[in-house]
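Novice: The structure follows.
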Amino acid sequence: MAAPSSSAASTTTNIMLAIYEKKTVSLDLYRPLRNYIVFNYSEREAQNLEDDLQILKQYRSDLEKPADSLPSRRDLLQNYYRALCCVESRFPISPDKDHINTVRFVWHDAFKNKLKASQQNIHLEKAAVLFNLGAVYSQMGLGVERSTVEGRRQAVQSFVAAAGAFAFLRDNVAVKASMGSSTTLDVAVECAGMLERLMLAQAQECVFESTIAKGSTPGVCAKICRQVGLYYEEALAALNVAPLNQHFDKTWLSHVQLKAALFYAEACYRYGLELHEKEEIAEEIARLKSGVSALSEAKKFSSKGAAQQLLDAISKLETNLNRNLERAVKENDRVYLMRVPQASSLLPLPAFPMVKSMPMTEVLDPSKEKMFASLVPDSSAKALSRYTQMVDDIIRTQAEKLQQGSELARVRLKEMDLPDSIIALEGNFTLPSDLKEEVEAVQICGGPAGLEGELHQVRELRTVNQEFLVQTEELLQKEATEDAQFRTQFGTRWSRPQSTTLTKNLQDRLNRFAANLKQAAESDARIERSVREHSALMSILDQRPIESVLPTLARPILSLDANEDAIVGALKQSLRQLETLGAQRAGLEDMLKEMKRKDDILPKLMTSTGSYEDLFRKEILKYDHICEEISQNIESQEQLLLQIQAQNDKFAAVFNLEDYKASRERSYKQIEASIAKFREIKDNINEGLKFYVALQDAITNVKQQCSDFVMTRNIQCREMIEDVQRQLSGLNFQDGKNTGAYSYPPAGQPHQTQRYNSQQQTDPGSMSNTPCPQTPYYQPPPQPTMPAYSQAPPLYGSQQPPPPYNVPAAGGSSYPPQLYQQQPAVSHEYGQPAYPGWRGPYYNAPPQQSGSLPRPPYTIPSPYPPPHQSGYYKQ
């Protein structure tokens, strides 16, 4: 691959254009302005404004002299322009006899010095100052050394500032300056626009130089280089048409034309390097040929009068293009054998603008200037307020018309089900946003397919609760069995209360838990049955995307005249036109606001000699064309909506749209019913999970109480055995040191002793099998006044706990209401609050009558078969 040649920019350093300032003649502004202040205000006011008058005089005097330095000249022009804006709003300069009619501004054309303009209005002065400001910026850009990074950066800043000055001249002053009886072409709108493009081209050219210096890729260089050429081409287009085509010297035209061709060819060269790397040889050949052709054409018509350095750069680039072209052609003939496309078939070269005109609004804003601030007439201020109110009324009225038009179009399209029906025909229809969000929420939480996993959790939690109940019941049964054995063994000496007496409340609680679990199992079975019964209904929610289950708007099976495509095409075209009208309305509203922002008639009010009302009527006319466009837009939309209505009627008839809408609504209702059923089941499962978790906490609490009870009974058991042994050994002490919590039988009853000894002989292992409990984790009470649990503890709550499930009424839903409603606070036993749902549970079964609680469910054959037996779920 050939190495890239040096850039065109490197060989065209300083081959750019600078603009020279316009020349003027001496002018005294001090005396006419001061006389106007004295005549219309007072001598005192003139004395107060003496400093401002002297500053303005000095600005004008310095403007007539040669520049000391470009930066100081730039600052002078900016300050003088702001001062002129203050003068314009306070001093009426015109030929009118009541105005300042002794001031005449004279300026020569910058490109043809023999031509000059002379006007008795300040617009020519302002236009000339802005032109000179752009010229000074262009000279600053051309004067810096661009061989360094900082120099190129400063050049870019200067050229974009020059472009900003010429753009400001074009947009704000050029039209007013051109309306005078005498004017020059250099401050016309066309010339200002051309100079802006020229300055942007030179700024982008400096960026291209920096890009080459940094060693950027050929593709990046080609894009930036192409934009340089585009800016030059825009300037060339303005120079080639009236009125500029006869105003500028031929060397200008030659320079701009050669620069445009040079950077187009340079972009082709850079882009060709990138294509060669990608082995796209055919397009590379076409691009290189296009670049060579552009250079040849430009040299043929524009070589006269051009700088020699520019011609040398073109020749060097042409050599590089031909060398790469020859190499590419050889490679294509020998290796690739690709067909070379025509230049006209190629896409435009990509371009990337890196610069834009600097906004000069803030730099030239006169609002911060304090010159002549006291000279605003009260009548002018009041008149401006009235005019502003008139403009606001127009804007408000038109904005309401635009909004009403947009709302009318939206409602009418909604009534015709457009564009939804067209979208459905193309297969891109989607659910309404609210229904779509509900389906996505269901799918995010697992959808119907995830219900089985949650039911499995419910079953596991129920099994855990059942196991906890079994363990707790076995704990109490074991302790009661041991107590009965010792009571049989020791007879009346075994004086502590029976276990069944002390554990009655605990047993009652366990019985209630068992009843709750039984009712919960029934509700679980109902939920599982509901899942199975509605699985087909809810399966629609597992479809991804959900739109796949919606009906489609299909073409008719039998077509008589085969005009379906024409009907659809016409309807689509009308909808696009309606959308275009909507975009136009938005643009019109923005235009109104922008026009109001720029509508400053204060200078006209101050210079007006006639009636303010006449001026208002004249100025308000500028809004008429926008108001007319708004009316035309609304009228066009109304006609278009009628057309769309007729087209949609044909569309609905051909495609049987009513049946499709009915089918779609049924699908919507099916999806809504599926979502409702899913949420209903999901809520029941969630409540079941909450219930089982809360019940597990309650059972665990009771289990711990039973463990504490058994541990305490084991300690008592050991102490009583030791005491009975001492009695039987003749060491019965009746001195009041015995534990007062036990009622021991009187000593000296031989039949009891013999019975005990006999039992010891016949059951020698009874003593060794006495349970030896671990040391309890709590300290026993210090005063043994009563046996532990000798009194029945209070119930878990003051209310009879409701059963676990909601039993539905006949024909009603089998799903429970909202859980855990707020209840008044109650006292809780053992320092633990009642678990949620105990007074308003998810599983509400019919309440059991007091005294009818069943026996503990696990002391008899369990009604719940093992989980692996499927008969548990059979109804």
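Every chain in the structure tokens has a letter given in the order shown (A, B, ...), and although residue numbers restart at 1 in each chain, ligands are simply numbered from 1 in the order shown.
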For Arg226 (chain A), find every residue with an atom within 12 Å (counting only C-alpha atoms), except residues of its own chain fewer than 5 positions away, and show them as a ChimeraX atom specification.
Specialist: /A:201,204-205,207-208,218-221,231-233,259-271,291,348-354
Novice: Tell me which protein, DNA and RNA residues are within 12 Å of region 282-285 of chain A, counting only C-alpha atoms, leaving out same-chain ones fewer than 3 positions away, and put them as a PyMOL selection string.
Specialist: chain A and resi 267-279+288-292+321-333+335-347+349
Novice: Using only C-alpha atoms for the distances, tell me which of A:Glu88, A:Asp171, A:Asp420, A:Glu21 is nearest to Leu657 (chain A).
Specialist: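 Checking each candidate against Leu657 (chain A), we get A:Asp420 as the closest.
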Novice: Name all residues at most 9 Å from region 484-486 of chain A (count only C-alpha atoms; drop same-chain ones fewer than 3 positions away) and give them as a compact mmCIF listing (two decimals) with N, CA, C and O atoms, in the first residue's frame.
Specialist:
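out.txt, written as the output of this step:
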# COMPACT_ATOMS: atom_id res chain seq x y z
N GLU A 479 -43.08 -37.02 78.23
CA GLU A 479 -43.01 -36.59 79.64
C GLU A 479 -44.18 -37.15 80.43
O GLU A 479 -44.01 -37.61 81.56
N ALA A 480 -45.40 -37.15 79.85
CA ALA A 480 -46.57 -37.68 80.55
C ALA A 480 -46.41 -39.17 80.81
O ALA A 480 -46.78 -39.67 81.87
N THR A 481 -45.86 -39.92 79.85
CA THR A 481 -45.64 -41.36 80.04
C THR A 481 -44.66 -41.63 81.17
O THR A 481 -44.89 -42.50 82.04
N GLN A 489 -45.02 -46.45 90.09
CA GLN A 489 -43.90 -47.05 90.84
C GLN A 489 -43.90 -46.60 92.29
O GLN A 489 -43.73 -47.41 93.20
N PHE A 490 -44.10 -45.29 92.52
CA PHE A 490 -43.96 -44.77 93.89
C PHE A 490 -45.29 -44.57 94.59
O PHE A 490 -45.31 -44.27 95.76
N GLY A 491 -46.37 -44.67 93.87
CA GLY A 491 -47.68 -44.56 94.53
C GLY A 491 -47.92 -43.19 95.09
O GLY A 491 -47.66 -42.19 94.43
N TRP A 494 -45.40 -40.23 95.20
CA TRP A 494 -45.22 -39.38 94.00
C TRP A 494 -46.32 -38.32 93.99
O TRP A 494 -47.37 -38.46 93.43
N GLN A 498 -50.29 -34.27 88.09
CA GLN A 498 -50.16 -35.05 86.87
C GLN A 498 -49.86 -34.12 85.69
O GLN A 498 -50.27 -32.96 85.65
N SER A 499 -49.17 -34.67 84.68
CA SER A 499 -48.79 -33.88 83.49
C SER A 499 -50.01 -33.40 82.72
O SER A 499 -50.05 -32.27 82.21
N CYS A 717 -38.50 -34.17 88.85
CA CYS A 717 -38.48 -35.65 88.93
C CYS A 717 -37.23 -36.13 89.66
O CYS A 717 -37.30 -37.00 90.54
N ILE A 721 -37.18 -38.12 93.25
CA ILE A 721 -36.63 -39.47 93.37
C ILE A 721 -35.62 -39.52 94.51
O ILE A 721 -35.61 -40.45 95.32
N SER A 766 -35.49 -49.20 86.17
CA SER A 766 -36.35 -48.02 86.17
C SER A 766 -35.63 -46.79 86.64
O SER A 766 -35.88 -45.69 86.19
